[in-house]
Each structure stands twice: as structure tokens, then as C-alpha cells.
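Student: Encoded as C-alpha cells, here's the structure I'll be asking about.
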Amino acid sequence: MKYDALLRKVCFFGIAALSITASAQSKKCIESHNQNPVLKKHKDYEAVIIEDLGKIRFEENQANGGFDFIFERTTTTKIYSNTGLDRAEIEIPLYHQGRDKETLLYVKAAVFHEDDGKEIHFDDSNLDIYDEVYSERIVLKKFAIPNVKEGSVIQVSYGYRSPYKFNLRDWVFQDEVPVLHSKLEVSIIPFYEYSLIKRGSRPLSSRYHVDSPKVKNYGLTEYRERTHVFLMTDVPAFEDESFITNRKDYIDRLEFQLARITRTNGIQIDIMSDWPTTCKDLIDHKDFGKYLNAAKKQSKSMIALCGLKGMEKAEAVDQIVAYIKENYKWNGSQGKFASKKVKEFLEDKEGEASDINLFLVGMLNAAGIEAYPVLLSTRAHGKVYKDTPMHTHFNYVIAYIPHRSGYMLRDATDIHYPNDQLPLKCINDLGLVVDKENEKWVDLGENNSSSSICKYTSLSIDPSSSTASLQIEMNSSGYDAVNHNRQIGINPDDAKEYFENDLISDPDSVLFLYSSVTCDSFGIKLFTDVPLEVVGSHIFLHPFAELTEKECPLKSKTRSYPVDMVYQRSRHYQTEFNIPEGYTLSHLPDPYLIDNDIIQISYVPDVGDDGMVRIQADLVFKKRVYPPKDYKKLRVFYAESVKRFNEKISFEEDVAGSIAGIRDTH
């Protein structure tokens with residue numbers, strides 16, 4: 001096979017063409033790192049990654065005659081503070097499945113101390129490397145670099161061999177601390193064609209390729225390697241991770257996907273195709289489409305047990321969901337392919353999410369209800385991108401039911417959720433309906449209802465004991481109710497722990513009054529005494545008993561990715577308290593109202609004729625997902641609500657009146 005013809009097949013997709021610019025890399029040798037002005041400007045961070053260098057190359061596997069890829073990486077990091085010392089704790093993930101596994105080739109490390117100029121070097125022989133099982137198919141090789149302290153520069157190098165050419169390891173340019181220089185070199189051989197997708201908002205600093213002058217042989221075929229180089233410099237820290245689906249969805253990185261294999265005889269095998277073909281393959285799969293058919297057939301006898309007669313479609317759907325939840329247990333595992341046969345699932349009455357939800361689709365079909373599986377990627381797994389039509393990007397399946405002018409999405413795994421509500425982990429952008437007729441995508445969060453938390457407090461202030469009697473009542477709905485059912489439920493100790501904060505410092509003083517739990521609502525009431533903040537002749541009081549948010553979670557000044565709140569939410573606070581006898585109200589915040597297309601904030605104080613002060617405060621987020629263009633306004637409004645809802649009330653003792661009263665008694 002001729003080299004030129006093969007080399008033309010080694011192409012990368014999904015990224016805009018970049019001009020090839022010769023960029024001289026500044027020397028970043030360890031001995032001169034302190035003189036680097038770019039490094040110095042980041043000294044307020046816990047650490048800075050000076051250099052992160054990666055190489056991927058292919059090497060023939062003499063045992064099986066195929067190819068493995070070799071991954072090598074060297075990372076140099078400057079430690080600025082004690083909080084950065086955990087960067088000396090290294091984890092190297094290695095994948096294994098069946099007989100195939102990734103193998104660690106070498107590990108090297110070095111520590112450079114700037115105070116005394118010492119260099120300490122380590123390798124496999126004097127590093128305490130141990131294994132930790134991360135998951136069923138991933139083992140972490142872990143070790144800690146000794147003798148690291150503030151001001152140290154550490155360097156870690158390692159390499160491993162992998163037989164898994166389907167997915168080359170992603171390369172991440174960005175980190176939680178600044179990265180000065182990050183470069184990946186990928187040496188491709190003409191037997192494998194990969195698609196390349198650049199994720200994140202920033203363009204590469206440079207991209208180019210170099211052809212090797214050396215001719216190699218594979219059997220009777222001659223070939224040359226082409227090395228592709230990808231570079232990013234002065235990459236800012238990825239700092240703000242509040243309200244985000246998954247860090248890897250927005251961080252600057254490269255993702256590789258095997259698209260085609262070319263054999264030495266010229267035969268090409270396409271790995272990537274299109275979404276309709278992917279759906280067809282799934283429908284024909286024994287653990288997907290054929291499982292669905294078996295589920296439909298074997299669940300017909302169960303339909304009568306659900307009592308569907310006379311029910312509307314939506315009611316019948318949720319009745320079937322309830323039946324499965326009540327009779328079959330989810331074992332906590334996710335997946336999109338059935339892990340067992342339908343007969344085994346029915347006998348065991350337990351299975352993975354795939355077993356349960358594919359059975360749900362089959363049972364809906366058996367009841368005469370049109371339903372299809374929906375493939376999705378959970379929030380922890382990351383987003384699915386339409387530009388890479390591969391079912392491997394999905395890790396979960398739910399049910400899709402066309403209904404009137406829209407659709408319903410259902411999951412039958414988690415008993416904590418109402419039958420018409422998807423688990424939070426499933427609300428992650430788009431899902432693919434597995435339908436052999438056409439390609440259809442659904443918004444996984446479109447049909448989710450809003451959720452709310454209402455907190456009511458009542459305080460009776462007693463200056464003589466410097467305490468206040470506090471009664472708290474909290475009610476929640478929607479996803480907030482699900483969270484409270486998990487965190488608190490009906491357990492008094494869990495309730496005390498949940499409400500423990502700066503004001504309720506002693507959980508033992510809390511009297512648990514009641515807790516009301518249903519699948520879609522939650523209510524709790526408790527009572528306690530809390531200390532007052534007394535300074536001289538003044539009493540300061542947090543009107544909502546410090547049950548409001550303490551700080552705005554949106555920290556960064558700008559943001560290039562959405563604020564994903566998962567579901568639309570609102571927070572309501574209401575309080576009442578007495579003006580203590582012998583005191584006057586010296587400070588009460590002014591009313592405040594903001595109501596626009598982003599947010600609603602209201603703060604309404606009132607002093608009654610009965611000597612009671614009542615305040616109502618509301619925070620309503622108008623959107624489930626805010627685009628980056630809304631970020632600055634959202635951040636300002638959110639911070640303003642936190643500031644106002646935490647503003648203290650103050651009372652001043654009427655000292656003059658007290659002295660006059662004393663004189664009158666003599």
C-alpha cells in the first residue's frame with residue numbers, strides 16, 4: 001500500500017482550520033522558573049502548572065500482531081501554598097476489560113527546592129505506588145511525591161501502554177489553576193483514522209503537523225508517521241464550577257474518536273456512521289431492541305394488575321411506572337444495555353437502570369401506549385454532542401411517550417422521585433429517541449416543573465436572658481422536596497444536623513415537632529432557643545435565623561458557559577418577631593423589588609400596630625438554564641439578594657427612659 005494514499009486518509013474532523021504559525025516557545029526550564037513574568041502574576045493561586053507535555057504514539061504488539069498506543073506525560077508544577085500540596089498526590093487511571101488491560105510502563109518524579117537549590121529524584125523503585133479500585137473497570141495507580149513543601153517545583157513523568165485504540169485518552173489543556181504551557185503530540189499511523197473535537201471556548205494557540213522521514217514496516221506494508229501538534233499557552237484557571245453539568249463539558253480539551261480502520265489490503269471498516277444507523281444497530285441489538293420485544297411479550301399478563309381501565313394516557317403511564325417501582329428494585333447501576341434476560345429480571349425482581357427502563361418501554365407498548373427508549377448521558381458522565389454519532393457517549397436509557405402536542409419522559413428506577421419526574425442526574429441537555437423511522441432529539445429538562453423552598457421563622461426576643469425562642473417551619477416541593485426527603489426524611493437527628501449553623505449551634509437544644517414526607521412535597525417544624533447578639537445597648541438580629549444563603553455561589557466576574565440550575569427554582573422567606581420591651585427598632589432595611597426576565601427579588605418589611613415586625617422576602621429564578629450573556633446580570637442580582645436577605649435588624653435600649661423610671665421610684 002502506498003504511503004501517500006494512506007496518509008490522505010489520516011484526517012481530523014470537527015475543528016476549524018487553524019493557520020499554522022511558527023511560535024517560539026519560551027524556555028521554561030526549572031532553574032529559571034522564578035524569572036518567568038507570566039508565572040509570577042499567578043502567585044496568588046495555590047499552584048501553577050508550568051508545563052504539561054503529552055505524547056501519543058502507536059507501537060506494534062508482538063503478542064497479537066496488532067497495534068497498541070503508548071501514552072506519555074510530563075507535568076511540571078510550582079506549589080505556592082499548603083493547599084497546593086495535594087498536587088503531589090498523583091493518580092494514574094488505567095482501564096481494563098476482560099483480558100485486555102492498560103499497563104503502566106514507568107513512573108518518574110522530581111522535587112526542586114528553591115530555598116536550598118536541592119533536587120530530589122524518584123522512580124518506580126523508591127516511590128510507594130499502590131493500586132486503588134476506582135470502578136469495575138478502572139484501577140488507579142496512586143503515590144505521593146515525598147519532601148514537597150511550599151515553594152517547591154514538582155515534576156511527574158509516566159507512560160502506559162493501551163490496547164484500546166477506539167478512544168485515545170482525552171487531552172485536557174485547562175485545570176483548576178493556571179497552565180502556562182500545554183502541548184500534545186499525536187503520532188498517527190495510516191491504519192487508523194480519528195475524528196478530533198476541540199471542546200471549550202478558547203482556540204488553540206497553535207496547531208501543525210510534521211511527517212516523519214523514517215519509513216517503518218508493518219508486514220509487507222511501508223508507512224510513515226505523521227505527528228500532529230496541539231498547543232495552548234497561558235490557559236486561565238477553570239475556577240467557577242457552580243451550576244454546571246460537568247466540568248469536562250466546558251473545559252478546554254481535545255477528544256479523539258476512532259472513525260475508520262484501513263487494513264493492509266486496502267479494505268476500510270467505518271467505525272463512525274450517523275445517528276439513524278446507530279439507532280438501527282441498537283434496535284437489532286440483543287440486549288436492547290430484542291430485550292424490548294421480549295419485555296413487551298412477557299409483560300402483557302401484568303397489565304391487568306395495574307388497573308388501567310378508564311384512565312387517561314398520562315395517568316396510565318404513571319400507574320405503570322408506579323407498578324414497576326413497587327415490584328422491581330433498582331440495584332444502583334446505570335447502563336443502556338440490558339444486563340440480563342427479561343425472564344431473569346422478572347425472577348430476580350432486581351436489575352440495572354437499563355433492565356428496568358427498557359422493561360418499562362416494553363410494558364407501555366404491551367398496554368397499547370406508544371413509547372420508545374431515549375438514550376442519554378447523565379450529568380456526571382458529560383454532554384452528548386451531535387457531531388460524533390456514537391452510542392458509546394450514552395450511559396443511560398429512559399422512556400419517551402408521545403403525548404398530545406408534546407411528550408412525556410419517564411424513569412422507573414428511583415422511588416424517591418414522583419412517578420412523573422425524572423431523576424436529576426438525567427436532566428442533561430438532549431436525549432436521542434431510538435426510533436428506526438427518523439432521527440429525533442428531546443430536551444431532557446423541558447417538561448420539568450419548578451421547585452420551591454419556603455422557610456418560615458418566628459422569634460420571641462427576651463433581652464433579660466439574651467436569648468430568643470425560635471420556631472422554624474420549612475416546606476418544599478418538586479426537586480427540592482426530593483432532596484429534603486433524602487437528607488432529612490422523618491429522622492429528628494438528621495433534621496437537627498441539617499439546620500445546624502452559626503445561630504443553631506447546639507443541636508441538642510432543638511425540639512423536633514414534626515416532619516411530613518410525600519413523594520412530591522416535604523414539611524418540617526422544629527423549635528429551639530438561640531443566643532442574641534448583644535453589643536452594649538444594642539441587639540442585632542438576623543431576621544431569617546441565618547437560614548438564607550450566606551454567599552453568592554457565582555464567583556467569577558465572567559463566564560463563557562451556561563449557568564445550569566437543572567430546574568427552575570424559587571426561595572421564599574417569611575419571619576416575624578417582637579420589638580423587645582424597653583427597646584426601640586433602630587434599623588430596619590428598606591423595601592426592595594427587582595422583577596425582570598432574569599430574576600425576581602422582593603424584600604417587604606412591615607411594623608405592625610401590635611409591636612410585631614414582619615418581613616417577607618422572595619427570590620425567583622426565571623430560567624432553568626441561563627446563557628453566558630445573562631451571567632453578569634444574574635451574578636449582580638444574585639449577590640444583591642444574598643446581601644439584603646442577610647442584613648441584620650437592630651434594636652436600641654431606651655436608656656434614658658430606664659434612668660427616668662429609676663428616679664421616679666425614689
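Just remember, in the C-alpha cells the first chain shown is A, the second B, etc., residues are 1-based per chain, and ligands are 1-based in the order shown.
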Could you give me, as a ChimeraX atom specification, the residues within 7 Å of stretch 612-621 of chain A, counting only C-alpha atoms and dropping anything in the same chain fewer than 5 positions from it?
Tutor: /A:568-579,598-607
Student: Which residues come within 12 Å of stretch 89-99 of chain A, counting only C-alpha atoms, excluding same-chain residues fewer than 3 positions away, as a ChimeraX atom specification?
Tutor: /A:71-73,75,84-86,102-109,127-148,154-164,167-169
Student: Quick one: residues within 9 Å of A:Tyr417, only C-alpha atoms, excluding same-chain residues fewer than 4 positions away - as JSON, numbers by chain?
Tutor: {"A": [413, 421, 422, 423, 478, 479, 482, 519, 520]}
Student: I'd like the interatomic distance between atom CA of A:Ile649 and atom CA of A:Leu459, to a tenth of an Å.
Tutor: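 Rounded to one decimal, the two atoms are 12.6 Å apart.
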Student: Near A:Phe359, counting only C-alpha atoms, which residues have an atom at most 9 Å away, once you skip same-chain residues fewer than 6 positions from it, shown as a compact mmCIF listing (two decimals) with N, CA and C atoms, in the first residue's frame?
Tutor:
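Listed below is the output, around.txt:
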```txt
# COMPACT_ATOMS: atom_id res chain seq x y z
N TYR A 291 -34.38 -7.18 23.61
CA TYR A 291 -34.86 -7.19 25.00
C TYR A 291 -36.21 -6.49 25.09
N LEU A 292 -36.37 -5.37 24.34
CA LEU A 292 -37.65 -4.64 24.33
C LEU A 292 -38.78 -5.54 23.85
N ALA A 294 -38.96 -8.77 23.92
CA ALA A 294 -39.24 -9.80 24.93
C ALA A 294 -40.00 -9.20 26.11
N ALA A 295 -39.64 -7.96 26.49
CA ALA A 295 -40.33 -7.30 27.60
C ALA A 295 -41.79 -7.04 27.26
N LYS A 296 -42.05 -6.62 26.03
CA LYS A 296 -43.43 -6.39 25.60
C LYS A 296 -44.24 -7.68 25.67
N SER A 299 -44.70 -8.99 29.46
CA SER A 299 -45.38 -8.11 30.42
C SER A 299 -46.88 -8.00 30.17
N ILE A 324 -43.93 -0.75 38.38
CA ILE A 324 -42.56 -1.25 38.26
C ILE A 324 -41.73 -0.84 39.47
N VAL A 342 -34.91 -10.92 30.08
CA VAL A 342 -36.17 -10.48 30.69
C VAL A 342 -36.65 -11.48 31.73
```
Student: For the atom pair atom CA of A:Glu439 and atom CA of A:Ala338, what is the interatomic distance in Å to one decimal place?
Tutor: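 Those two atoms sit 22.5 Å apart.
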Student: Determine the nearest neighbour of A:Asn419 from the options A:Leu254, A:Ile320, A:Ala371, A:Leu470, counting only C-alpha atoms.
Tutor: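 Once distances to A:Asn419 are computed over only C-alpha atoms, the minimum belongs to A:Ile320.
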Student: As JSON, numbers by chain, please: every residue in stretch 505-634 of chain A that DSSP puts in strand (DSSP E or B).
Tutor: {"A": [511, 512, 513, 514, 515, 516, 517, 521, 522, 523, 524, 525, 526, 527, 528, 529, 530, 531, 533, 534, 535, 538, 539, 540, 541, 563, 564, 569, 570, 571, 572, 573, 574, 575, 576, 577, 578, 583, 584, 585, 586, 587, 592, 593, 594, 595, 599, 600, 601, 602, 603, 604, 605, 606, 607, 612, 613, 614, 615, 616, 617, 618, 619, 620, 621, 625, 626]}
Student: Atom CA of A:Arg199 and atom CA of A:Lys101, how far apart in Å?
Tutor: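 Atom CA of A:Lys101 sits 27.6 Å away from atom CA of A:Arg199.
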Student: Compile the contact shell of A:Thr227 as a PyMOL selection string: residues with an atom at most 8 Å away, counting only C-alpha atoms, same-chain residues fewer than 2 positions apart removed.
Tutor: chain A and resi 185-188+209-212+225+229
Student: Could you pull the residues within 10 Å of stretch 240-252 of chain A, counting only C-alpha atoms, minus those fewer than 2 positions along the same chain, as a ChimeraX atom specification?
Tutor: /A:171-176,198-204,232,235-238,254,378-385,425,427-429,552-566,625-626
Student: Where in stretch 469-629 of chain A does DSSP assign alpha helix (DSSP H), given as a ChimeraX atom specification?
Tutor: /A:478-487,492-499
Student: With only C-alpha atoms as the atoms that count, which of A:Glu546, A:Asp284, A:Asp274, A:Asp654 lies nearest to A:Asp387?
Tutor: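 Comparing A:Glu546, A:Asp284, A:Asp274, A:Asp654 against A:Asp387, the winner is A:Asp274.
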Student: For A:Ile303, which of A:Ala367, A:Leu39, A:Glu344, A:Ser405 is the closest residue, counting only C-alpha atoms?
Tutor: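 Checking each of A:Ala367, A:Leu39, A:Glu344, A:Ser405 against A:Ile303, counting only C-alpha atoms, the winner is A:Ala367.
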Student: Go through A:Cys279, A:Ile369, A:Ile261, A:Ala468 one by one, measure the shortest atom-to-atom distance of each to A:Trp441 using only C-alpha atoms, and give the residue with the smallest value.
Tutor: A:Cys279
